[in-house]
$ cat my_file.cif   # mmCIF, C-alpha atoms and all ligand atoms
data_start
loop_
_atom_site.label_atom_id
_atom_site.label_comp_id
_atom_site.auth_asym_id
_atom_site.auth_seq_id
_atom_site.Cartn_x
_atom_site.Cartn_y
_atom_site.Cartn_z
CA MET A 803 1.25 14.56 17.60
CA ALA A 804 1.75 12.55 14.42
CA ARG A 805 -1.34 10.41 13.82
CA SER A 806 -0.29 8.46 10.79
CA VAL A 807 3.19 7.08 11.30
CA PHE A 808 5.14 5.06 8.76
CA VAL A 809 8.01 3.01 10.20
CA LEU A 810 10.55 1.16 8.07
CA THR A 811 12.76 -1.30 9.92
CA GLY A 812 15.96 -2.98 8.77
CA ALA A 813 18.49 -5.47 10.09
CA GLY A 814 19.70 -3.01 12.74
CA ILE A 815 16.55 -3.53 14.82
CA SER A 816 17.12 -7.29 15.02
CA ALA A 817 20.90 -7.17 15.55
CA GLU A 818 20.49 -6.94 19.33
CA SER A 819 18.31 -10.06 19.16
CA GLY A 820 21.34 -11.96 17.91
CA LEU A 821 20.51 -11.92 14.19
CA GLY A 822 23.48 -10.76 12.16
CA THR A 823 23.23 -7.80 9.82
CA PHE A 824 24.41 -7.89 6.23
CA ARG A 825 26.87 -5.12 6.87
CA ASP A 826 28.56 -6.17 10.11
CA LYS A 827 31.94 -4.59 10.47
CA ASP A 828 33.43 -7.27 12.71
CA GLY A 829 32.92 -10.03 10.12
CA GLN A 830 31.47 -12.45 12.69
CA GLY A 831 28.71 -15.05 12.50
CA ILE A 832 27.10 -16.71 9.51
CA TRP A 833 27.97 -13.81 7.22
CA ALA A 834 31.64 -14.59 7.55
CA ARG A 835 31.05 -18.08 6.20
CA PHE A 836 28.55 -17.33 3.45
CA ASP A 837 28.39 -14.76 0.70
CA PRO A 838 24.70 -13.82 0.52
CA MET A 839 25.17 -12.37 -2.96
CA LYS A 840 26.08 -15.85 -4.17
CA LEU A 841 23.28 -17.62 -2.28
CA ALA A 842 20.29 -15.32 -2.22
CA THR A 843 19.51 -15.43 -5.94
CA PRO A 844 17.16 -17.54 -8.08
CA GLU A 845 20.21 -18.69 -10.07
CA ALA A 846 21.96 -19.97 -6.95
CA PHE A 847 18.85 -21.97 -6.02
CA THR A 848 18.71 -23.53 -9.49
CA ARG A 849 22.44 -24.22 -9.63
CA ASP A 850 22.94 -25.59 -6.13
CA PRO A 851 19.67 -25.94 -4.19
CA ASP A 852 21.33 -27.82 -1.31
CA ASN A 853 23.69 -24.95 -0.70
CA ALA A 854 21.07 -22.19 -1.04
CA LEU A 855 18.56 -24.02 1.16
CA GLY A 856 21.30 -24.87 3.67
CA PHE A 857 22.09 -21.21 4.09
CA TYR A 858 18.45 -20.43 4.87
CA ASN A 859 18.12 -23.51 7.10
CA LEU A 860 20.90 -22.06 9.23
CA ARG A 861 19.28 -18.64 9.32
CA ARG A 862 15.89 -20.20 10.20
CA ARG A 863 17.42 -22.11 13.11
CA ASN A 864 19.11 -18.91 14.30
CA LEU A 865 15.79 -17.11 14.12
CA LEU A 866 13.94 -19.77 16.12
CA ASN A 867 16.47 -19.23 18.92
CA ALA A 868 16.27 -15.41 18.78
CA LYS A 869 13.92 -13.25 20.83
CA PRO A 870 12.42 -9.83 20.13
CA ASN A 871 14.07 -6.95 21.96
CA ALA A 872 12.83 -3.71 23.52
CA ALA A 873 12.77 -1.96 20.13
CA HIS A 874 10.36 -4.51 18.64
CA GLN A 875 8.22 -4.29 21.78
CA ALA A 876 8.12 -0.49 21.63
CA LEU A 877 6.78 -0.60 18.06
CA ALA A 878 4.04 -3.06 19.08
CA ARG A 879 3.12 -0.63 21.86
CA LEU A 880 3.11 2.25 19.38
CA GLU A 881 0.75 0.42 17.03
CA GLN A 882 -1.76 -0.15 19.79
CA ALA A 883 -1.48 3.36 21.27
CA LEU A 884 -1.94 5.03 17.89
CA ALA A 885 -4.97 2.87 17.13
CA GLU A 886 -6.53 3.81 20.48
CA ARG A 887 -6.10 7.48 19.57
CA GLY A 888 -7.62 7.11 16.13
CA GLY A 889 -4.22 7.08 14.43
CA HIS A 890 -2.41 4.41 12.48
CA LEU A 891 1.00 2.78 12.31
CA THR A 892 2.23 1.32 9.05
CA LEU A 893 5.09 -1.03 9.88
CA VAL A 894 7.16 -2.07 6.89
CA THR A 895 10.17 -4.27 7.46
CA GLN A 896 13.05 -5.32 5.26
CA ASN A 897 13.64 -8.13 7.73
CA ILE A 898 12.54 -11.66 6.99
CA ASP A 899 12.40 -12.57 10.69
CA ASP A 900 9.16 -12.67 12.70
CA LEU A 901 10.40 -10.71 15.71
CA HIS A 902 7.90 -7.87 15.21
CA GLU A 903 5.04 -10.37 15.28
CA ARG A 904 6.44 -12.15 18.32
CA ALA A 905 6.74 -8.78 20.10
CA GLY A 906 3.02 -8.23 19.51
CA SER A 907 2.79 -6.18 16.29
CA ARG A 908 -0.52 -7.05 14.63
CA ARG A 909 0.14 -5.96 11.06
CA VAL A 910 3.62 -6.17 9.55
CA ILE A 911 4.40 -5.65 5.88
CA HIS A 912 7.32 -7.91 4.98
CA MET A 913 8.59 -6.35 1.78
CA HIS A 914 11.41 -8.91 1.51
CA GLY A 915 9.27 -11.92 2.47
CA GLU A 916 9.32 -14.19 5.50
CA LEU A 917 11.86 -16.80 6.50
CA LEU A 918 9.28 -18.91 8.33
CA LYS A 919 7.27 -19.48 5.17
CA ALA A 920 7.98 -21.69 2.16
CA ARG A 921 6.79 -21.08 -1.36
CA CYS A 922 6.39 -23.68 -4.10
CA GLN A 923 7.94 -22.66 -7.41
CA HIS A 924 5.62 -25.11 -9.20
CA CYS A 925 2.19 -24.09 -7.89
CA GLY A 926 2.92 -20.81 -6.08
CA SER A 927 1.42 -21.87 -2.76
CA VAL A 928 2.85 -20.24 0.37
CA ARG A 929 2.79 -22.03 3.73
CA LEU A 930 4.14 -21.56 7.23
CA TRP A 931 7.38 -23.55 7.37
CA ALA A 932 9.53 -23.71 10.51
CA GLU A 933 11.50 -26.83 9.52
CA ASP A 934 14.61 -27.21 7.39
CA LEU A 935 13.94 -27.20 3.64
CA SER A 936 15.49 -29.78 1.35
CA PRO A 937 15.41 -30.29 -2.44
CA SER A 938 13.70 -33.64 -1.83
CA ASP A 939 10.73 -32.09 0.03
CA VAL A 940 7.32 -32.69 -1.51
CA CYS A 941 4.96 -29.71 -1.86
CA PRO A 942 1.90 -30.41 0.33
CA ASP A 943 -0.31 -28.63 -2.20
CA CYS A 944 0.72 -29.93 -5.63
CA GLY A 945 2.71 -33.01 -4.63
CA ARG A 946 5.71 -32.11 -6.75
CA VAL A 947 9.32 -32.35 -5.59
CA GLY A 948 12.10 -29.76 -5.63
CA GLY A 949 10.06 -26.56 -5.88
CA LEU A 950 9.95 -25.52 -2.24
CA ARG A 951 12.05 -22.48 -1.45
CA PRO A 952 12.06 -19.87 1.33
CA HIS A 953 9.35 -17.24 0.81
CA VAL A 954 11.94 -14.48 0.68
CA VAL A 955 12.81 -11.91 -1.96
CA TRP A 956 16.15 -12.73 -3.52
CA PHE A 957 18.50 -10.40 -5.34
CA GLY A 958 17.04 -9.74 -8.76
CA GLU A 959 13.44 -10.31 -7.58
CA MET A 960 10.74 -7.69 -7.00
CA PRO A 961 10.03 -6.65 -3.40
CA LEU A 962 6.48 -7.31 -2.20
CA PHE A 963 3.58 -4.93 -1.43
CA MET A 964 5.11 -1.91 -3.19
CA ASP A 965 1.67 -0.44 -4.02
CA ASP A 966 0.50 -0.70 -0.41
CA ILE A 967 3.75 0.87 0.72
CA ASP A 968 3.42 3.82 -1.63
CA ARG A 969 -0.19 4.43 -0.55
CA ALA A 970 0.83 4.37 3.12
CA LEU A 971 3.78 6.72 2.53
CA ARG A 972 1.50 9.16 0.76
CA ARG A 973 -0.90 9.47 3.68
CA ALA A 974 1.71 9.43 6.49
CA ASP A 975 2.61 12.50 8.45
CA LEU A 976 5.82 11.05 9.86
CA PHE A 977 8.31 8.65 8.24
CA VAL A 978 10.82 6.90 10.50
CA ALA A 979 13.59 4.56 9.32
CA ILE A 980 14.99 2.31 12.05
CA GLY A 981 18.21 0.31 11.68
CA THR A 982 18.40 0.47 7.91
CA SER A 983 21.64 0.89 6.02
CA GLY A 984 20.16 3.28 3.48
CA ALA A 985 21.96 1.29 0.79
CA VAL A 986 19.38 -1.30 -0.31
CA TYR A 987 16.86 -0.10 -2.87
CA PRO A 988 13.94 0.37 -3.19
CA ALA A 989 13.69 0.78 0.62
CA ALA A 990 16.54 3.30 0.64
CA GLY A 991 14.43 5.49 -1.65
CA PHE A 992 11.41 5.68 0.69
CA VAL A 993 12.83 8.69 2.53
CA ALA A 994 13.13 10.69 -0.70
CA GLU A 995 9.61 9.61 -1.65
CA ALA A 996 8.33 10.69 1.78
CA ARG A 997 10.01 14.07 1.39
CA GLY A 998 8.35 14.40 -1.99
CA TYR A 999 5.00 13.95 -0.23
CA ARG A 1000 6.08 16.57 2.36
CA VAL A 1001 6.20 13.98 5.13
CA ARG A 1002 8.53 14.71 8.05
CA THR A 1003 11.41 12.22 8.19
CA CYS A 1004 13.45 10.77 11.05
CA GLU A 1005 16.30 8.26 11.16
CA ILE A 1006 16.98 6.05 14.19
CA ASN A 1007 20.19 4.10 13.77
CA LEU A 1008 23.32 2.84 15.44
CA GLU A 1009 25.32 5.03 13.10
CA ALA A 1010 24.21 7.41 10.36
CA ALA A 1011 22.96 5.66 7.21
CA ASP A 1012 24.33 6.27 3.71
CA ASN A 1013 21.35 8.53 2.99
CA ALA A 1014 21.35 10.31 6.38
CA ASP A 1015 21.34 13.80 4.85
CA LEU A 1016 17.79 13.20 3.59
CA PHE A 1017 16.34 13.00 7.10
CA ASP A 1018 14.95 15.99 9.03
CA GLU A 1019 15.98 14.40 12.29
CA GLU A 1020 18.54 11.82 13.38
CA ARG A 1021 18.75 9.78 16.57
CA LEU A 1022 21.82 7.60 16.99
CA GLY A 1023 22.31 4.72 19.43
CA PRO A 1024 21.33 1.08 20.01
CA ALA A 1025 17.76 0.41 18.84
CA SER A 1026 16.78 -1.20 22.16
CA GLU A 1027 17.31 2.21 23.80
CA THR A 1028 16.59 4.77 21.09
CA VAL A 1029 13.33 3.25 19.83
CA PRO A 1030 11.52 2.96 23.21
CA ALA A 1031 12.68 6.51 24.05
CA TRP A 1032 11.35 7.83 20.73
CA VAL A 1033 8.00 6.02 21.19
CA ASP A 1034 7.63 7.44 24.71
CA GLU A 1035 8.35 10.91 23.40
CA LEU A 1036 5.93 10.59 20.48
CA LEU A 1037 3.10 9.29 22.66
CA GLY A 1038 3.79 11.82 25.38
CA ALA A 1039 3.74 14.74 22.96
ZN ZN A 1101 3.32 -26.90 -5.11
#

$ encode --input "my_file.cif" --output "C-alpha cells" --more "lines below"
Ligand SMILES: [Zn+2]
Amino acid sequence: MARSVFVLTGAGISAESGLGTFRDKDGQGIWARFDPMKLATPEAFTRDPDNALGFYNLRRRNLLNAKPNAAHQALARLEQALAERGGHLTLVTQNIDDLHERAGSRRVIHMHGELLKARCQHCGSVRLWAEDLSPSDVCPDCGRVGGLRPHVVWFGEMPLFMDDIDRALRRADLFVAIGTSGAVYPAAGFVAEARGYRVRTCEINLEAADNADLFDEERLGPASETVPAWVDELLGA
C-alpha cells in the first residue's frame, strides 16, 4: 500500500457542494455573470475595488452556504488512516473554499489562498474574515483604509507554498489529482513533476483532464462516488 500519498484537488471536488467550477459547460451560476479573468487580478482590484470585492463577497456568501460532500469526507478519513499506519497524506488544493477543513482534514495546503481570510495590502497581515469586504474597511492591524483584499492568489500572482509542495511531491509514492482541469499552471505541471520523481500517478475526474495522458491510471465519475471508492480500495489494499 502507498504510505506517502500526495493529493491535489481542484474545483471538481467542490462542484457537488454547489460551488461552481471555472469551466462549467452549462454556463450557469455566478460564472455566467462575471468574467473571473477581469476580476481576479491585482489590476482589477486597483481599478475597481468595489467590483472586485463584490465578486468575492458573492463567492464568500455562496461558500458559507455550501457543505462538504462525501469526497471531502473521504480525504479526511484517508489522512487519519494513513497517519495511524505510519504514513502521510499531503493534501494540496487549488480551491479557496474551506470544505476540506470542514470535512475534518487537519492539514490543507491552499496553494491559491483562502476565501475566508483577508489580507492587508498595506501591512501584509492576514486574518480570518467571513464578512463582506468593502474598500472602506479599516485594517484591524495597521488602521489604514482600502488595503483589505481576499487572501487569494489572483492571475499574475505567485501561488503559495511551492517549496513545500515540491518537497512533498519528491517523497510521495502516489500522486492523485482529483477534479482538476489540468489546464491551470503550475498545478497542471505537478503530474509531470511526479513522473519525473518516478511517483505513480492517478487521475480522478468527472471527465478526462487536458493532461490525462500523463496519468498511469484514470478513474472517471462524480467525485462524491469515485473518491470514497478509491480511498476504500487504497486502505483495503
Ligand atoms: Zn494593515

$ residues_near_point --input "my_file.cif" --point "(3.3, -2.0, 16.3)" --cutoff "9 Å" --atoms "all atoms listed in the file" --output "MDAnalysis selection string"
chainID A and resid 874:884 891:893 902:903 905:910

$ residues_near_ligand --input "my_file.cif" --ligand "ligand ZN 1101 (chain A)" --cutoff "6 Å" --atoms "all atoms listed in the file" --output "list of chain:residue names"
A:Cys922, A:His924, A:Cys925, A:Ser927, A:Cys941, A:Asp943, A:Cys944, A:Arg946

$ residues_around --input "my_file.cif" --residues "Asp1012 of chain A" --least-positions-apart "2" --cutoff "8 Å" --atoms "all atoms listed in the file" --output "MDAnalysis selection string"
chainID A and resid 983:985 1010 1014

$ write_last_selection --input "my_file.cif" --atoms "C-alpha atoms" --output "mmCIF file, in the coordinates of the input"
data_model
loop_
_atom_site.group_PDB
_atom_site.id
_atom_site.type_symbol
_atom_site.label_atom_id
_atom_site.label_comp_id
_atom_site.auth_asym_id
_atom_site.auth_seq_id
_atom_site.Cartn_x
_atom_site.Cartn_y
_atom_site.Cartn_z
ATOM 1 C CA SER A 983 21.640 0.890 6.020
ATOM 2 C CA GLY A 984 20.160 3.280 3.480
ATOM 3 C CA ALA A 985 21.960 1.290 0.790
ATOM 4 C CA ALA A 1010 24.210 7.410 10.360
ATOM 5 C CA ALA A 1014 21.350 10.310 6.380
#

$ residues_around --input "my_file.cif" --residues "Asn864 of chain A" --least-positions-apart "3" --cutoff "10 Å" --atoms "all atoms listed in the file" --output "list in words"
Gly820, Leu821, Gly822, Ile832, Tyr858, Asn859, Leu860, Arg861, Asn867, Ala868 and Asp899 of chain A

$ residues_around --input "my_file.cif" --residues "Gly814 of chain A" --least-positions-apart "3" --cutoff "9 Å" --atoms "only C-alpha atoms" --output "PyMOL selection string"
chain A and resi 811+817-818+822-823+980-983+1007-1008+1024-1025

$ atom_distance --input "my_file.cif" --atom1 "atom CA of Asn897 of chain A" --atom2 "atom CA of Ala813 of chain A"
6.0 Å
